[in-house]
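Enquirer: Structure incoming, see below.
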Amino acid sequence: MAKIKMTVSNDITFYEGCEEYILDCKARNLRNGTLRHYTDSSKQIIRYIGEDTLIKDIDKEMIDNFIIQLRENPLLNEMSLYTYARDFKTLMYFFMRKEYIPTFKIRIPKVDKQPIETYTDRELQILLKKPNLRHCGFTEYKVWVMTNFLLSTGIRQHSLINIKVKDLDFDNNVVYVNVTKNRKPLIIPLNADIKKILQEYLKYRKGEEEDYLFCNVFGKQLVRSTVYHAFYDYNKARGVDKTGMHRYRHTFAKKWILLGGNVVTLQKILGHSSLEITQNYLNLLVSDIQKDVEEFNILREFKRESIKM
C-alpha cells in the first residue's frame with residue numbers, strides 16, 4: 001500500500017496555503033461571486049509572492065515589498081492596489097490563525113475613494129418615463145418596471161433576479177428579498193407607486209407563485225449578462241449614456257439622504273451590517289450637501305438681522 005505524503009505545517013508553500021484558504025471559504029458557504037473574487041485575487045498575489053515560497057518565510061518586509069511592487073505596476077489603479085493589499089492582508093491573517101506564521105499587524109495603503117457617479121434628475125426623468133404599451137415590446141416594458149423597482153428598493157442585481165412572484169406581499173405592502181449578499185433575508189416596504197406598477201406588470205407577466213418575478217421572453221430566470229445588456233440597450237435607446245445596475249442602488253441611497261431619510265432606516269433597507277458602511281454613501285453627496293449648506297447658511301441669517309457681536 002502506497003504511503004500518504006503528509007505536509008508539515010512549516011513546509012507549506014504559499015500556493016498550498018492559498019488552496020487551503022479557498023477551501024475554507026467554500027466551507028463557510030461564501031457566495032459564488034465572493035469565491036471567484038478570492039480565487040482570482042489569489043492567483044494574482046501568487047504571481048508576486050511565488051507559488052513555491054514557504055509561508056513561514058513571509059515576514060513584514062516581504063509584505064512591504066509586495067505593496068511596493070503593486071505601486072510600481074502602471075496597470076494598477078489605486079483601487080486595484082487597495083483591493084489586492086486588502087485581500088493579501090486577509091490571507092495572511094488566515095495563515096496567522098492557522099499558526100503557520102507569527103502574529104503581527106499588517107497595514108495596507110490608504111487610497112482616496114473616488115465618488116461613484118449617480119443618475120441625474122434629468123436622466124431619471126428620461127429613464128422613468130413609461131413606454132407606450134401598445135407599441136413597445138415586453139423587454140422594454142420589463143426593464144422600465146425593473147428601473148422603477150430598483151429606485152424604490154435599492155436592492156442589488158443578484159437579489160433582483162432571484163425575487164419570485166410569491167415574494168410580493170401586496171396586503172402588507174412589502175417584498176421579501178430572500179437572496180442577499182450576506183445571506184440575511186430582507187423585508188423591504190413597497191411604496192404606493194411601485195405597488196401599482198407591479199400589479200399592472202403582473203397582468204402581462206402572469207405566471208405562477210413559484211415563477212421568478214422578472215423573467216426572459218420564455219418565462220425563465222434572468223441571468224446577469226442578459227440583464228446588463230437589456231439595461232444598456234434601454235438606456236442607449238433613450239439617450240442616456242450611463243448604465244450599470246449598481247448605479248441605481250447608489251442613486252437610491254443618495255436620494256434617500258437628500259430627501260431627509262433616516263440613515264438607520266437606510267441601513268436596514270440596504271442590508272448593511274453596520275452604519276459605517278452606510279455612511280460611506282454620504283461621501284457621494286458632497287456636492288449636493290454643499291448646495292444645502294449654502295441654502296441654509298446660518299451666518300447669512302444672522303447677517304440679515306444685522307446682529308452685532
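We name chains A, B, ... following the order of the C-alpha cells; residues begin at 1 in each chain, and ligands are numbered from 1 as shown.
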For Asp211 in chain A, work out the shell of residues within 7 Å, counting only C-alpha atoms and skipping chain neighbours fewer than 4 positions away, then give it as a PyMOL selection string.

Expert: chain A and resi 164-165+207

Enquirer: Return as JSON, numbers by chain the full set of residues in range 123-261 of chain A whose backbone-based DSSP assignment is strand (DSSP E).

Expert: {"A": [168, 169, 174, 175, 176, 177, 186, 187, 188, 189]}

Enquirer: Next, write the just-selected residues to a file, as a CSV table (one decimal), in the first residue's frame, keeping N, CA and C atoms as the atom set.

Expert:
chain,number,residue,atom,x,y,z
A,168,LEU,N,-43.9,38.9,-3.3
A,168,LEU,CA,-44.6,40.2,-3.2
A,168,LEU,C,-45.8,40.0,-2.3
A,169,ASP,N,-45.9,40.9,-1.3
A,169,ASP,CA,-47.0,40.8,-0.4
A,169,ASP,C,-47.7,42.2,-0.4
A,174,VAL,N,-45.1,44.9,1.2
A,174,VAL,CA,-43.6,44.6,1.3
A,174,VAL,C,-43.2,43.6,0.3
A,175,VAL,N,-41.9,43.5,0.1
A,175,VAL,CA,-41.3,42.4,-0.8
A,175,VAL,C,-40.3,41.7,0.1
A,176,TYR,N,-40.3,40.4,0.0
A,176,TYR,CA,-39.4,39.6,0.8
A,176,TYR,C,-38.2,39.2,-0.1
A,177,VAL,N,-37.1,39.8,0.2
A,177,VAL,CA,-35.8,39.6,-0.5
A,177,VAL,C,-35.0,38.5,0.2
A,186,LEU,N,-34.2,40.1,3.7
A,186,LEU,CA,-34.7,41.4,3.9
A,186,LEU,C,-36.2,41.5,3.7
A,187,ILE,N,-36.8,42.4,4.4
A,187,ILE,CA,-38.2,42.7,4.1
A,187,ILE,C,-38.2,44.2,3.8
A,188,ILE,N,-38.5,44.5,2.6
A,188,ILE,CA,-38.4,45.9,2.1
A,188,ILE,C,-39.8,46.5,1.8
A,189,PRO,N,-40.2,47.6,2.4
A,189,PRO,CA,-41.5,48.2,2.1
A,189,PRO,C,-41.7,48.6,0.7

Enquirer: Which residues are close to Thr90 in chain A, i.e. within 12 Å by only C-alpha atoms, leaving aside same-chain residues fewer than 6 positions away? Reply as a ChimeraX atom specification.

Expert: /A:18,21-22,25,38,41-42,83-84,96-97,105-108

Enquirer: Skip Leu190 in chain A itself and residues of its chain fewer than 4 positions away, then list as a list in words all residues within 10 Å of it, counting only C-alpha atoms.

Expert: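 Listed by chain and then number, they are Phe149, Ser152, Thr153, Leu168, Asp169, Phe170, Asn172, Asn173, Val174, Val175, Ile194, Lys195, Lys196 and Leu198 of chain A.
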
Enquirer: Keeping N, CA and C atoms for every residue in the selection just given, could you write it to a file as a compact mmCIF listing (two decimals), in the first residue's frame?

Expert:
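In the end it all went to out19.txt:
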# COMPACT_ATOMS: atom_id res chain seq x y z
N PHE A 149 -38.45 49.58 -9.89
CA PHE A 149 -38.29 48.71 -8.72
C PHE A 149 -36.96 48.97 -8.02
N SER A 152 -36.93 52.11 -6.11
CA SER A 152 -37.86 52.11 -4.98
C SER A 152 -37.35 51.25 -3.82
N THR A 153 -36.43 50.33 -4.12
CA THR A 153 -35.97 49.39 -3.09
C THR A 153 -34.47 49.44 -2.83
N LEU A 168 -43.86 38.89 -3.33
CA LEU A 168 -44.58 40.16 -3.24
C LEU A 168 -45.78 39.99 -2.32
N ASP A 169 -45.87 40.85 -1.33
CA ASP A 169 -46.98 40.82 -0.38
C ASP A 169 -47.70 42.16 -0.45
N PHE A 170 -48.69 42.23 -1.32
CA PHE A 170 -49.41 43.49 -1.51
C PHE A 170 -50.34 43.82 -0.34
N ASN A 172 -49.52 43.57 2.83
CA ASN A 172 -48.70 44.28 3.81
C ASN A 172 -47.75 45.28 3.16
N ASN A 173 -47.83 45.40 1.83
CA ASN A 173 -47.01 46.36 1.08
C ASN A 173 -45.51 46.16 1.31
N VAL A 174 -45.06 44.92 1.17
CA VAL A 174 -43.63 44.61 1.33
C VAL A 174 -43.22 43.60 0.28
N VAL A 175 -41.91 43.50 0.06
CA VAL A 175 -41.34 42.45 -0.77
C VAL A 175 -40.31 41.71 0.07
N ILE A 194 -44.81 52.01 -6.71
CA ILE A 194 -44.22 50.77 -7.23
C ILE A 194 -45.21 49.61 -7.07
N LYS A 195 -46.05 49.67 -6.06
CA LYS A 195 -47.08 48.64 -5.88
C LYS A 195 -48.03 48.64 -7.08
N LYS A 196 -48.44 49.81 -7.50
CA LYS A 196 -49.35 49.93 -8.64
C LYS A 196 -48.67 49.45 -9.92
N LEU A 198 -46.22 47.25 -10.19
CA LEU A 198 -46.04 45.80 -10.13
C LEU A 198 -47.35 45.06 -10.38

Enquirer: Identify, with DSSP run on backbone atoms, the residues in range 48-180 of chain A assigned to helix (DSSP H, G or I), and express the list as a ChimeraX atom specification.

Expert: /A:48-49,55-57,60-71,78-97,121-127,138-153,157-160,165-167
